[in-house]
>>> print(open('target-v2.tsv').read())   # TSV, C-alpha atoms and all ligand atoms
chain	number	residue	atom	x	y	z
A	240	MET	CA	-131.77	-87.33	-39.96
A	241	PHE	CA	-129.22	-89.11	-42.14
A	242	SER	CA	-126.31	-87.55	-40.32
A	243	ARG	CA	-127.85	-88.43	-36.93
A	244	LEU	CA	-128.18	-92.06	-38.04
A	245	ALA	CA	-124.58	-91.94	-39.29
A	246	ILE	CA	-123.47	-90.66	-35.84
A	247	LEU	CA	-125.33	-93.54	-34.15
A	248	LEU	CA	-123.82	-96.08	-36.56
A	249	TYR	CA	-120.36	-94.63	-35.90
A	250	ALA	CA	-120.94	-94.92	-32.13
A	251	ILE	CA	-122.07	-98.56	-32.50
A	252	VAL	CA	-119.03	-99.43	-34.64
A	253	SER	CA	-116.71	-97.73	-32.11
A	254	TYR	CA	-118.35	-99.66	-29.28
A	255	ALA	CA	-117.99	-102.92	-31.23
A	256	VAL	CA	-114.27	-102.24	-31.80
A	257	PHE	CA	-113.90	-101.46	-28.08
A	258	THR	CA	-115.66	-104.76	-27.18
A	259	VAL	CA	-113.31	-106.74	-29.44
A	260	SER	CA	-110.23	-105.00	-27.99
A	261	PHE	CA	-111.45	-105.49	-24.39
A	262	LEU	CA	-112.15	-109.20	-24.94
A	263	TYR	CA	-108.76	-109.59	-26.62
A	264	ALA	CA	-107.13	-107.79	-23.66
A	265	LEU	CA	-108.51	-110.49	-21.32
A	266	GLY	CA	-106.78	-113.17	-23.38
A	267	PHE	CA	-103.66	-111.07	-24.00
A	268	VAL	CA	-102.88	-110.23	-20.36
A	269	GLY	CA	-103.88	-113.65	-18.98
A	270	ASN	CA	-102.35	-115.75	-21.81
A	271	TYR	CA	-105.71	-117.37	-22.56
A	272	VAL	CA	-107.09	-118.55	-25.93
A	273	VAL	CA	-105.77	-115.72	-28.18
A	274	PRO	CA	-103.10	-116.50	-30.80
A	275	LYS	CA	-100.72	-113.75	-29.59
A	276	SER	CA	-100.44	-112.80	-25.92
A	277	ILE	CA	-98.23	-110.89	-23.51
A	278	ASP	CA	-95.91	-113.92	-23.18
A	279	ARG	CA	-96.55	-115.86	-26.39
A	280	PRO	CA	-95.41	-114.55	-29.81
A	281	PHE	CA	-97.15	-115.59	-33.05
A	282	ASP	CA	-93.94	-117.06	-34.31
A	283	VAL	CA	-92.22	-118.85	-31.43
A	284	GLY	CA	-89.18	-119.54	-33.60
A	285	SER	CA	-87.92	-115.94	-33.74
A	286	PRO	CA	-87.63	-114.25	-30.32
A	287	SER	CA	-86.83	-110.57	-30.74
A	288	ASN	CA	-83.74	-108.94	-29.30
A	289	LEU	CA	-84.15	-107.67	-25.73
A	290	THR	CA	-83.40	-103.98	-26.39
A	291	GLU	CA	-85.72	-103.94	-29.39
A	292	ALA	CA	-88.44	-105.62	-27.31
A	293	ILE	CA	-88.17	-103.07	-24.48
A	294	VAL	CA	-88.07	-100.05	-26.84
A	295	VAL	CA	-90.98	-101.24	-29.00
A	296	ASN	CA	-93.13	-102.16	-25.98
A	297	LEU	CA	-92.46	-98.81	-24.26
A	298	LEU	CA	-93.26	-96.92	-27.47
A	299	LEU	CA	-96.55	-98.80	-27.86
A	300	MET	CA	-97.58	-98.10	-24.26
A	301	SER	CA	-96.50	-94.43	-24.58
A	302	LEU	CA	-98.61	-94.03	-27.72
A	303	PHE	CA	-101.66	-95.31	-25.82
A	304	ALA	CA	-100.87	-93.12	-22.79
A	305	ILE	CA	-100.44	-89.94	-24.86
A	306	GLN	CA	-103.58	-90.45	-26.95
A	307	HIS	CA	-105.65	-91.49	-23.94
A	308	SER	CA	-104.56	-88.56	-21.79
A	309	VAL	CA	-104.37	-85.74	-24.34
A	310	MET	CA	-107.79	-86.52	-25.86
A	311	ALA	CA	-109.38	-86.65	-22.37
A	312	ARG	CA	-108.42	-83.08	-21.43
A	313	PRO	CA	-111.23	-80.49	-21.51
A	314	ALA	CA	-109.10	-78.01	-23.52
A	315	PHE	CA	-108.47	-80.62	-26.22
A	316	LYS	CA	-112.18	-81.51	-26.30
A	317	ARG	CA	-113.13	-77.83	-26.72
A	318	TRP	CA	-110.84	-77.56	-29.76
A	319	TRP	CA	-111.72	-81.02	-31.14
A	320	THR	CA	-115.49	-80.40	-31.04
A	321	LYS	CA	-115.01	-77.44	-33.39
A	322	VAL	CA	-113.68	-80.00	-35.89
A	323	LEU	CA	-116.22	-82.81	-35.41
A	324	PRO	CA	-119.77	-83.04	-33.97
A	325	VAL	CA	-119.95	-83.05	-30.17
A	326	ALA	CA	-121.97	-86.28	-30.32
A	327	CYS	CA	-119.02	-88.06	-32.01
A	328	GLU	CA	-116.32	-86.88	-29.60
A	329	ARG	CA	-116.49	-89.73	-27.07
A	330	SER	CA	-116.94	-92.41	-29.76
A	331	THR	CA	-113.84	-91.12	-31.56
A	332	TYR	CA	-111.89	-91.25	-28.30
A	333	VAL	CA	-113.07	-94.84	-27.70
A	334	LEU	CA	-112.35	-95.88	-31.29
A	335	LEU	CA	-108.81	-94.46	-31.34
A	336	SER	CA	-107.98	-95.92	-27.90
A	337	SER	CA	-109.23	-99.34	-29.03
A	338	LEU	CA	-107.31	-99.22	-32.33
A	339	ILE	CA	-104.09	-98.32	-30.49
A	340	LEU	CA	-104.70	-101.23	-28.10
A	341	ILE	CA	-105.12	-103.57	-31.08
A	342	LEU	CA	-101.83	-102.21	-32.51
A	343	LEU	CA	-100.20	-102.89	-29.13
A	344	PHE	CA	-101.49	-106.48	-29.03
A	345	TRP	CA	-100.27	-107.05	-32.58
A	346	GLN	CA	-96.84	-105.46	-32.24
A	347	TRP	CA	-96.07	-106.41	-28.61
A	348	ARG	CA	-92.72	-108.20	-28.16
A	349	PRO	CA	-92.91	-110.89	-25.44
A	350	ILE	CA	-89.95	-111.07	-23.03
A	351	PRO	CA	-90.43	-114.52	-21.53
A	352	ALA	CA	-87.70	-114.46	-18.79
A	353	PRO	CA	-89.48	-115.66	-15.60
A	354	ILE	CA	-89.74	-113.29	-12.61
A	355	TRP	CA	-91.99	-115.47	-10.42
A	356	GLN	CA	-93.76	-118.77	-10.87
A	357	THR	CA	-96.36	-120.10	-8.48
A	358	SER	CA	-98.41	-123.26	-8.27
A	359	GLY	CA	-101.24	-124.79	-6.23
A	360	ILE	CA	-103.30	-122.58	-3.97
A	361	VAL	CA	-101.16	-119.44	-4.56
A	362	ALA	CA	-101.60	-119.78	-8.33
A	363	TRP	CA	-105.38	-120.21	-7.88
A	364	LEU	CA	-105.54	-117.23	-5.56
A	365	LEU	CA	-103.62	-114.99	-7.98
A	366	THR	CA	-105.80	-116.15	-10.89
A	367	GLY	CA	-108.91	-115.35	-8.81
A	368	ILE	CA	-107.64	-111.85	-7.99
A	369	HIS	CA	-106.78	-111.34	-11.68
A	370	TRP	CA	-110.37	-112.11	-12.75
A	371	LEU	CA	-111.79	-110.12	-9.86
A	372	GLY	CA	-109.80	-107.14	-11.19
A	373	TRP	CA	-111.39	-107.39	-14.66
A	374	LEU	CA	-114.82	-107.79	-13.08
A	375	ILE	CA	-114.33	-104.72	-10.85
A	376	ALA	CA	-113.16	-102.63	-13.83
A	377	PHE	CA	-116.09	-103.65	-16.03
A	378	ALA	CA	-118.75	-103.42	-13.31
A	379	SER	CA	-117.47	-99.98	-12.24
A	380	THR	CA	-118.05	-98.54	-15.73
A	381	HIS	CA	-121.76	-99.31	-15.12
A	382	MET	CA	-121.62	-97.63	-11.72
A	383	ILE	CA	-120.80	-94.22	-13.23
A	384	ASP	CA	-122.37	-94.53	-16.70
A	385	HIS	CA	-121.18	-97.25	-19.07
A	386	PHE	CA	-123.04	-95.97	-22.14
A	387	ASP	CA	-121.91	-92.39	-21.58
A	388	LEU	CA	-118.26	-93.46	-21.09
A	389	PHE	CA	-118.36	-95.31	-24.42
A	390	GLY	CA	-120.16	-92.62	-26.44
A	391	LEU	CA	-123.48	-94.39	-27.08
A	392	ARG	CA	-125.61	-92.11	-24.89
A	393	GLN	CA	-124.33	-89.03	-26.73
A	394	ALA	CA	-125.17	-90.56	-30.13
A	395	LEU	CA	-128.68	-91.55	-28.98
A	396	ALA	CA	-129.27	-88.03	-27.67
A	397	ALA	CA	-128.22	-86.67	-31.08
A	398	LEU	CA	-130.65	-89.06	-32.80
A	399	ARG	CA	-133.49	-87.79	-30.61
A	400	GLY	CA	-132.38	-84.21	-31.29
A	401	THR	CA	-131.78	-83.55	-27.58
A	402	GLU	CA	-128.69	-82.14	-25.91
A	403	PRO	CA	-126.60	-84.82	-24.15
A	404	GLN	CA	-126.73	-84.30	-20.39
A	405	GLY	CA	-123.57	-82.78	-18.95
A	406	PRO	CA	-121.40	-84.91	-16.65
A	407	SER	CA	-122.77	-85.42	-13.16
A	408	PHE	CA	-120.89	-86.47	-10.04
A	409	LYS	CA	-121.57	-90.03	-8.91
A	410	ALA	CA	-120.26	-92.11	-6.03
A	411	PRO	CA	-122.31	-95.32	-5.79
A	412	LEU	CA	-121.21	-98.78	-4.62
A	413	LEU	CA	-117.47	-99.28	-5.23
A	414	TYR	CA	-117.04	-95.50	-5.62
A	415	LYS	CA	-117.85	-95.30	-1.90
A	416	ILE	CA	-114.79	-97.46	-1.17
A	417	VAL	CA	-112.22	-95.98	-3.58
A	418	ARG	CA	-112.38	-93.01	-5.94
A	419	HIS	CA	-111.04	-94.97	-8.95
A	420	PRO	CA	-112.33	-98.55	-8.94
A	421	ILE	CA	-111.90	-98.97	-12.71
A	422	MET	CA	-108.16	-98.25	-12.36
A	423	LEU	CA	-107.94	-100.42	-9.23
A	424	GLY	CA	-109.50	-103.25	-11.24
A	425	PHE	CA	-106.91	-102.84	-14.01
A	426	LEU	CA	-104.05	-102.82	-11.49
A	427	LEU	CA	-105.30	-106.08	-9.95
A	428	ALA	CA	-105.70	-107.66	-13.40
A	429	PHE	CA	-102.20	-106.57	-14.49
A	430	TRP	CA	-100.29	-107.56	-11.32
A	431	ALA	CA	-102.09	-110.68	-10.10
A	432	THR	CA	-100.65	-113.44	-12.23
A	433	PRO	CA	-99.48	-116.93	-11.27
A	434	GLU	CA	-96.51	-116.60	-13.67
A	435	MET	CA	-94.83	-113.21	-14.01
A	436	THR	CA	-92.41	-112.74	-16.91
A	437	ALA	CA	-90.10	-109.80	-17.63
A	438	GLY	CA	-92.42	-108.64	-20.45
A	439	HIS	CA	-95.50	-108.81	-18.23
A	440	LEU	CA	-93.61	-106.98	-15.46
A	441	LEU	CA	-92.68	-104.19	-17.91
A	442	PHE	CA	-96.36	-103.97	-18.91
A	443	ALA	CA	-97.55	-103.85	-15.28
A	444	LEU	CA	-94.91	-101.31	-14.18
A	445	ALA	CA	-95.39	-98.94	-17.13
A	446	ASN	CA	-99.19	-99.07	-16.84
A	447	THR	CA	-99.08	-98.50	-13.07
A	448	ALA	CA	-96.88	-95.42	-13.59
A	449	TYR	CA	-99.26	-94.21	-16.30
A	450	ILE	CA	-102.39	-94.78	-14.21
A	451	LEU	CA	-100.91	-92.92	-11.22
A	452	ALA	CA	-99.92	-89.98	-13.41
A	453	ALA	CA	-103.19	-89.93	-15.39
A	454	LEU	CA	-105.26	-89.93	-12.19
A	455	GLN	CA	-103.61	-86.65	-11.13
A	456	PHE	CA	-104.86	-85.00	-14.33
A	457	GLU	CA	-108.28	-86.64	-14.08
A	458	GLU	CA	-108.73	-85.44	-10.50
A	459	GLN	CA	-107.79	-81.87	-11.45
A	460	ASP	CA	-110.49	-82.00	-14.13
A	461	LEU	CA	-113.00	-83.49	-11.68
A	462	ILE	CA	-112.28	-80.70	-9.18
A	463	ALA	CA	-112.70	-78.09	-11.93
A	464	GLU	CA	-116.00	-79.75	-12.94
A	465	PHE	CA	-117.56	-80.55	-9.56
A	466	GLY	CA	-115.72	-78.15	-7.22
A	467	GLU	CA	-116.31	-78.55	-3.47
A	468	THR	CA	-118.36	-81.76	-3.96
A	469	TYR	CA	-115.29	-83.52	-5.37
A	470	ARG	CA	-112.93	-81.95	-2.81
A	471	GLN	CA	-115.06	-83.34	0.00
A	472	TYR	CA	-115.25	-86.72	-1.76
A	473	ARG	CA	-111.42	-86.72	-1.92
A	474	ARG	CA	-111.22	-86.12	1.80
A	475	ARG	CA	-113.74	-88.89	2.55
A	476	VAL	CA	-112.75	-91.67	0.14
A	477	PRO	CA	-109.24	-92.99	-0.62
A	478	MET	CA	-107.88	-92.91	-4.15
A	479	LEU	CA	-107.04	-96.55	-4.89
A	480	LEU	CA	-106.46	-98.53	-1.70
A	481	PRO	CA	-109.57	-99.25	0.38
A	482	ARG	CA	-109.35	-98.24	4.03
A	483	LEU	CA	-109.68	-101.79	5.31
A	484	PHE	CA	-109.16	-100.71	8.89
A	485	ALA	CA	-111.15	-97.48	8.78
A	486	ARG	CA	-113.80	-98.86	11.13
A	487	THR	CA	-111.17	-100.15	13.58
A	488	ARG	CA	-109.31	-96.84	13.49
A	489	THR	CA	-112.51	-94.88	14.08
A	490	ARG	CA	-113.33	-97.16	17.01
A	491	ASP	CA	-109.80	-96.75	18.45
A	492	ARG	CA	-110.02	-92.96	18.07
A	493	ASP	CA	-113.42	-92.88	19.78
A	494	ALA	CA	-112.06	-95.09	22.56
A	495	ALA	CA	-109.02	-92.79	22.93
A	496	ARG	CA	-111.32	-89.75	23.15
A	497	SER	CA	-113.51	-91.38	25.78
A	498	ILE	CA	-110.52	-92.09	28.06
A	499	GLY	CA	-108.92	-88.72	27.35
A	500	ALA	CA	-105.81	-90.22	25.71
A	501	PRO	CA	-103.80	-88.04	23.28
A	502	ARG	CA	-104.96	-88.48	19.65
B	1	LIG	C1	-112.29	-94.17	-17.71
B	1	LIG	S1	-113.30	-93.37	-16.54
B	1	LIG	C2	-112.36	-93.71	-15.07
B	1	LIG	C3	-113.09	-93.35	-13.85
B	1	LIG	C4	-112.28	-93.49	-12.56
B	1	LIG	N1	-110.99	-92.86	-12.69
B	1	LIG	C5	-112.10	-94.93	-12.16
B	1	LIG	O1	-110.98	-95.43	-12.24
B	1	LIG	O2	-113.09	-95.56	-11.75
B	1	LIG	C6	-112.94	-91.67	-16.78
B	1	LIG	C7	-114.18	-90.80	-16.75
B	1	LIG	O3	-114.87	-90.98	-15.55
B	1	LIG	C8	-115.29	-89.71	-15.05
B	1	LIG	N2	-115.40	-89.85	-13.59
B	1	LIG	C9	-114.45	-90.25	-12.73
B	1	LIG	N3	-114.93	-90.28	-11.46
B	1	LIG	C10	-116.23	-89.88	-11.53
B	1	LIG	C11	-117.28	-89.70	-10.57
B	1	LIG	N4	-117.08	-89.96	-9.27
B	1	LIG	N5	-118.50	-89.28	-11.00
B	1	LIG	C12	-118.72	-89.04	-12.31
B	1	LIG	N6	-117.77	-89.18	-13.27
B	1	LIG	C13	-116.54	-89.60	-12.90
B	1	LIG	C14	-114.21	-88.75	-15.49
B	1	LIG	O4	-114.66	-87.44	-15.59
B	1	LIG	C15	-113.84	-89.33	-16.85
B	1	LIG	O5	-114.65	-88.79	-17.85
>>> encode(input="target-v2.tsv", output="C-alpha cells", more="lines below")
Ligand SMILES: C[S@@+](CC[C@H](N)C(=O)[O-])C[C@H]1O[C@@H](n2cnc3c(N)ncnc32)[C@H](O)[C@@H]1O
Amino acid sequence: MFSRLAILLYAIVSYAVFTVSFLYALGFVGNYVVPKSIDRPFDVGSPSNLTEAIVVNLLLMSLFAIQHSVMARPAFKRWWTKVLPVACERSTYVLLSSLILILLFWQWRPIPAPIWQTSGIVAWLLTGIHWLGWLIAFASTHMIDHFDLFGLRQALAALRGTEPQGPSFKAPLLYKIVRHPIMLGFLLAFWATPEMTAGHLLFALANTAYILAALQFEEQDLIAEFGETYRQYRRRVPMLLPRLFARTRTRDRDAARSIGAPR
C-alpha cells in the first residue's frame, strides 16, 4: 500500500512540474509576464555571442528531442519497465521532459535581431492564432486521454491494484480533422507571433523539424499498435493541415463523374 501511495505521489509531483513548465512555456514563447523569455534575457546588460547562442540553443533543443523521442519508443519502454514499476513509466517521462524544458527556459540565449514586426490588425490576428494554438494543443490532450498522457491514470490504477488499460485508438473532435492536433497547436503557437526575432525563428524552425521527424516514428508505433485501423485513419484524415477544401473537391469530383469528365 505504501509503495502504491508513493507511486501516486510521484505521479502528482510529476504532473505539478509539468503544469509549471507548461505555464512557463506560455510566457516564454509569447514574451509575457515571466522574468526570462525567448527574446528577453535575465540580464539585459550582457548579450551572449551569436555563435554561442546558436550552439547552446540547438544543444538544449536536441537534448529535449532525444529524451522525448527515445523514451517514447516501445523498445525503450520494455527495457525501462524492467528497471522501474510500469505505473511510474509515464510519470518519469513527463517529469524528465518537464525538467529539460525548465533547463531550456533557464539556459536559453535570446537572439533579438528582428525578422518581422507587425502592428495593428495583423499583430492582433497573429496573437489570436498564437493563443488558439495553445488552446488546441491543451484541449486535444483531453480528446485522447489527458490523465493517461500525463501518467496519473496509471498511478491511480496501481493504487486500486488494477492493471492500467492498454492504449486504445481514438479519433474524436479535432482528431477527425487532423491526425496530430496537439502538434498542430504547438506549430501555430510557435510560428504565429507579431514580432519574430532570430532566436524565436531558430526555436520555431528547429521544433518544426523535430515535430515532423518525431511524427514519423510515432505513426510507425501507432501502425504497429492499431494495425489496419490506423492505416485507414491515415488514408482518411490528413496529418497536420486540415483539408479545408475537401467538401468542394468531393463536390467537384461528383460533378465531374455525373457529366462523364475525366477525373
Ligand atoms: C504527445 S501525444 C501526441 C498525439 C498526437 N501526435 C497529436 O499531436 O495530437 C503522444 C501519444 O498519443 C498517442 N496517440 C496519438 N494519436 C492517437 C490516437 N489517434 N488515438 C490514441 N492515441 C494516440 C501516441 O501513441 C502517444 O502515446
>>> closest_atom_pairs(input="target-v2.tsv", of="chain A", to="ligand LIG 1 (chain B)", cutoff="6 Å", atoms="all atoms listed in the file", output="tab-separated table")
residue	atom	partner	partner_atom	distance
A:Ile383	CA	B:LIG1	C12	5.7
A:Ser407	CA	B:LIG1	C12	5.5
A:Phe408	CA	B:LIG1	N5	3.8
A:Lys409	CA	B:LIG1	N5	3.8
A:Ala410	CA	B:LIG1	N4	5.0
A:His419	CA	B:LIG1	O1	3.3
A:Pro420	CA	B:LIG1	O2	4.2
A:Ile421	CA	B:LIG1	O1	3.7
A:Met422	CA	B:LIG1	O1	4.0
A:Leu461	CA	B:LIG1	O4	5.8
>>> write_last_selection(input="target-v2.tsv", atoms="C-alpha atoms", output="compact mmCIF listing (two decimals), in the coordinates of the input")
# COMPACT_ATOMS: atom_id res chain seq x y z
CA ILE A 383 -120.80 -94.22 -13.23
CA SER A 407 -122.77 -85.42 -13.16
CA PHE A 408 -120.89 -86.47 -10.04
CA LYS A 409 -121.57 -90.03 -8.91
CA ALA A 410 -120.26 -92.11 -6.03
CA HIS A 419 -111.04 -94.97 -8.95
CA PRO A 420 -112.33 -98.55 -8.94
CA ILE A 421 -111.90 -98.97 -12.71
CA MET A 422 -108.16 -98.25 -12.36
CA LEU A 461 -113.00 -83.49 -11.68
>>> atom_distance(input="target-v2.tsv", atom1="CA of Thr258 (chain A)", atom2="CA of Pro274 (chain A)")
17.6 Å
>>> closest_atom_pairs(input="target-v2.tsv", of="region 355-451 of chain A", to="region 320-335 of chain A", cutoff="8 Å", atoms="only C-alpha atoms", output="tab-separated table")
residue	atom	partner	partner_atom	distance
A:Leu388	CA	A:Arg329	CA	7.3
A:Phe389	CA	A:Ser330	CA	6.2
A:Gly390	CA	A:Ser330	CA	4.6
A:Leu391	CA	A:Ser330	CA	7.3
A:Gln393	CA	A:Ala326	CA	5.1
A:Ala394	CA	A:Ala326	CA	5.3
A:Ala396	CA	A:Ala326	CA	8.0
A:Ala397	CA	A:Ala326	CA	6.3
A:Pro403	CA	A:Ala326	CA	7.9
>>> atom_distance(input="target-v2.tsv", atom1="CA of Pro477 (chain A)", atom2="CA of Tyr449 (chain A)")
18.6 Å
>>> atom_distance(input="target-v2.tsv", atom1="CA of Lys316 (chain A)", atom2="CA of Pro406 (chain A)")
13.8 Å
>>> closest_residue(input="target-v2.tsv", among="A:Val294, A:Val417, A:Ile251, A:Ala428", to="Gln346 (chain A)", atoms="all atoms listed in the file")
A:Val294
>>> closest_residue(input="target-v2.tsv", among="A:Thr447, A:Phe456, A:Trp430, A:Ser379", to="Met310 (chain A)", atoms="all atoms listed in the file")
A:Phe456
>>> closest_residue(input="target-v2.tsv", among="A:Ile368, A:Leu398, A:Ile277, A:Ile360", to="Thr432 (chain A)", atoms="all atoms listed in the file")
A:Ile368
>>> closest_residue(input="target-v2.tsv", among="A:Val295, A:Leu371, A:Val476, A:Leu454", to="His307 (chain A)", atoms="all atoms listed in the file")
A:Leu454
>>> closest_atom_pairs(input="target-v2.tsv", of="region 304-390 of chain A", to="region 265-268 of chain A", cutoff="12 Å", atoms="only C-alpha atoms", output="tab-separated table")
residue	atom	partner	partner_atom	distance
A:Leu340	CA	A:Phe267	CA	10.7
A:Ile341	CA	A:Phe267	CA	10.4
A:Leu343	CA	A:Phe267	CA	10.3
A:Phe344	CA	A:Phe267	CA	7.1
A:Trp345	CA	A:Phe267	CA	10.1
A:Trp347	CA	A:Phe267	CA	10.0
A:Pro349	CA	A:Phe267	CA	10.8
A:Thr366	CA	A:Val268	CA	11.5
A:His369	CA	A:Val268	CA	9.6
A:Trp370	CA	A:Leu265	CA	8.9
A:Leu371	CA	A:Leu265	CA	11.9
A:Gly372	CA	A:Leu265	CA	10.7
A:Trp373	CA	A:Leu265	CA	7.9
A:Leu374	CA	A:Leu265	CA	10.7
A:Ala376	CA	A:Leu265	CA	11.8
A:Phe377	CA	A:Leu265	CA	11.5
>>> residues_around(input="target-v2.tsv", residues="Ala453 (chain A)", least_positions_apart="6", cutoff="10 Å", atoms="all atoms listed in the file", output="list in words")
Ala304, Ile305, His307, Ser308, Val309, Ala311 and Thr447 of chain A
>>> axis_aligned_box(input="target-v2.tsv", around="region 310-316 of chain A", padding_each_side="5 Å", output="AutoDock Vina command-line options")
--center_x -110.0 --center_y -82.3 --center_z -23.9 --size_x 14.4 --size_y 18.6 --size_z 14.9
>>> closest_residue(input="target-v2.tsv", among="A:Pro481, A:Pro433, A:Gly405, A:Gly424", to="Phe465 (chain A)", atoms="only C-alpha atoms")
A:Gly405
>>> closest_residue(input="target-v2.tsv", among="A:Gly367, A:Ala445, A:Phe281, A:Thr436", to="Ser301 (chain A)", atoms="all atoms listed in the file")
A:Ala445
>>> decode(input="target-v2.tsv", residues="region 258-327 of chain A", atoms="C-alpha atoms", output="PDB file, in the first residue's frame")
ATOM      1  CA  THR A 258       1.972  22.215 -15.138  1.00  0.00           C
ATOM      2  CA  VAL A 259       4.639  24.707 -14.018  1.00  0.00           C
ATOM      3  CA  SER A 260       6.734  24.086 -17.152  1.00  0.00           C
ATOM      4  CA  PHE A 261       3.683  24.357 -19.448  1.00  0.00           C
ATOM      5  CA  LEU A 262       2.550  27.635 -17.855  1.00  0.00           C
ATOM      6  CA  TYR A 263       6.108  28.970 -18.071  1.00  0.00           C
ATOM      7  CA  ALA A 264       6.228  27.921 -21.751  1.00  0.00           C
ATOM      8  CA  LEU A 265       3.208  30.177 -22.445  1.00  0.00           C
ATOM      9  CA  GLY A 266       5.107  33.150 -21.021  1.00  0.00           C
ATOM     10  CA  PHE A 267       8.442  32.089 -22.522  1.00  0.00           C
ATOM     11  CA  VAL A 268       7.293  31.733 -26.139  1.00  0.00           C
ATOM     12  CA  GLY A 269       4.935  34.736 -26.066  1.00  0.00           C
ATOM     13  CA  ASN A 270       7.216  37.053 -24.026  1.00  0.00           C
ATOM     14  CA  TYR A 271       4.542  37.511 -21.360  1.00  0.00           C
ATOM     15  CA  VAL A 272       4.988  38.025 -17.591  1.00  0.00           C
ATOM     16  CA  VAL A 273       7.935  35.636 -16.976  1.00  0.00           C
ATOM     17  CA  PRO A 274      11.340  37.058 -15.963  1.00  0.00           C
ATOM     18  CA  LYS A 275      13.234  35.251 -18.763  1.00  0.00           C
ATOM     19  CA  SER A 276      11.682  34.628 -22.175  1.00  0.00           C
ATOM     20  CA  ILE A 277      12.599  33.628 -25.707  1.00  0.00           C
ATOM     21  CA  ASP A 278      13.585  37.241 -26.518  1.00  0.00           C
ATOM     22  CA  ARG A 279      14.364  38.716 -23.100  1.00  0.00           C
ATOM     23  CA  PRO A 280      17.446  37.649 -21.083  1.00  0.00           C
ATOM     24  CA  PHE A 281      17.566  37.926 -17.279  1.00  0.00           C
ATOM     25  CA  ASP A 282      20.496  40.243 -17.522  1.00  0.00           C
ATOM     26  CA  VAL A 283      19.897  42.634 -20.423  1.00  0.00           C
ATOM     27  CA  GLY A 284      23.375  44.115 -19.996  1.00  0.00           C
ATOM     28  CA  SER A 285      25.295  41.078 -21.279  1.00  0.00           C
ATOM     29  CA  PRO A 286      24.064  39.748 -24.648  1.00  0.00           C
ATOM     30  CA  SER A 287      25.792  36.475 -25.476  1.00  0.00           C
ATOM     31  CA  ASN A 288      27.880  35.962 -28.578  1.00  0.00           C
ATOM     32  CA  LEU A 289      25.897  34.819 -31.634  1.00  0.00           C
ATOM     33  CA  THR A 290      27.727  31.514 -32.240  1.00  0.00           C
ATOM     34  CA  GLU A 291      27.493  30.601 -28.563  1.00  0.00           C
ATOM     35  CA  ALA A 292      23.782  31.459 -28.574  1.00  0.00           C
ATOM     36  CA  ILE A 293      23.050  29.272 -31.626  1.00  0.00           C
ATOM     37  CA  VAL A 294      25.118  26.319 -30.335  1.00  0.00           C
ATOM     38  CA  VAL A 295      23.672  26.426 -26.806  1.00  0.00           C
ATOM     39  CA  ASN A 296      20.088  26.791 -28.058  1.00  0.00           C
ATOM     40  CA  LEU A 297      20.464  23.917 -30.548  1.00  0.00           C
ATOM     41  CA  LEU A 298      22.007  21.704 -27.856  1.00  0.00           C
ATOM     42  CA  LEU A 299      19.130  22.442 -25.475  1.00  0.00           C
ATOM     43  CA  MET A 300      16.503  21.649 -28.113  1.00  0.00           C
ATOM     44  CA  SER A 301      18.404  18.487 -29.160  1.00  0.00           C
ATOM     45  CA  LEU A 302      18.505  17.289 -25.560  1.00  0.00           C
ATOM     46  CA  PHE A 303      14.720  17.657 -25.342  1.00  0.00           C
ATOM     47  CA  ALA A 304      14.212  15.980 -28.735  1.00  0.00           C
ATOM     48  CA  ILE A 305      16.432  12.988 -27.891  1.00  0.00           C
ATOM     49  CA  GLN A 306      14.915  12.390 -24.450  1.00  0.00           C
ATOM     50  CA  HIS A 307      11.368  12.896 -25.704  1.00  0.00           C
ATOM     51  CA  SER A 308      11.757  10.562 -28.679  1.00  0.00           C
ATOM     52  CA  VAL A 309      13.958   7.808 -27.235  1.00  0.00           C
ATOM     53  CA  MET A 310      11.847   7.407 -24.079  1.00  0.00           C
ATOM     54  CA  ALA A 311       8.634   7.227 -26.162  1.00  0.00           C
ATOM     55  CA  ARG A 312       9.727   4.184 -28.184  1.00  0.00           C
ATOM     56  CA  PRO A 313       8.110   0.852 -27.250  1.00  0.00           C
ATOM     57  CA  ALA A 314      11.500  -0.948 -27.166  1.00  0.00           C
ATOM     58  CA  PHE A 315      12.871   1.580 -24.675  1.00  0.00           C
ATOM     59  CA  LYS A 316       9.712   1.272 -22.548  1.00  0.00           C
ATOM     60  CA  ARG A 317      10.034  -2.544 -22.492  1.00  0.00           C
ATOM     61  CA  TRP A 318      13.600  -2.252 -21.162  1.00  0.00           C
ATOM     62  CA  TRP A 319      12.835   0.688 -18.834  1.00  0.00           C
ATOM     63  CA  THR A 320       9.889  -1.062 -17.145  1.00  0.00           C
ATOM     64  CA  LYS A 321      12.236  -3.846 -16.049  1.00  0.00           C
ATOM     65  CA  VAL A 322      14.079  -1.135 -14.086  1.00  0.00           C
ATOM     66  CA  LEU A 323      11.111   0.765 -12.606  1.00  0.00           C
ATOM     67  CA  PRO A 324       7.418  -0.037 -11.976  1.00  0.00           C
ATOM     68  CA  VAL A 325       5.197   0.118 -15.068  1.00  0.00           C
ATOM     69  CA  ALA A 326       2.899   2.553 -13.233  1.00  0.00           C
ATOM     70  CA  CYS A 327       5.788   5.065 -12.937  1.00  0.00           C
TER      71      CYS A 327
END
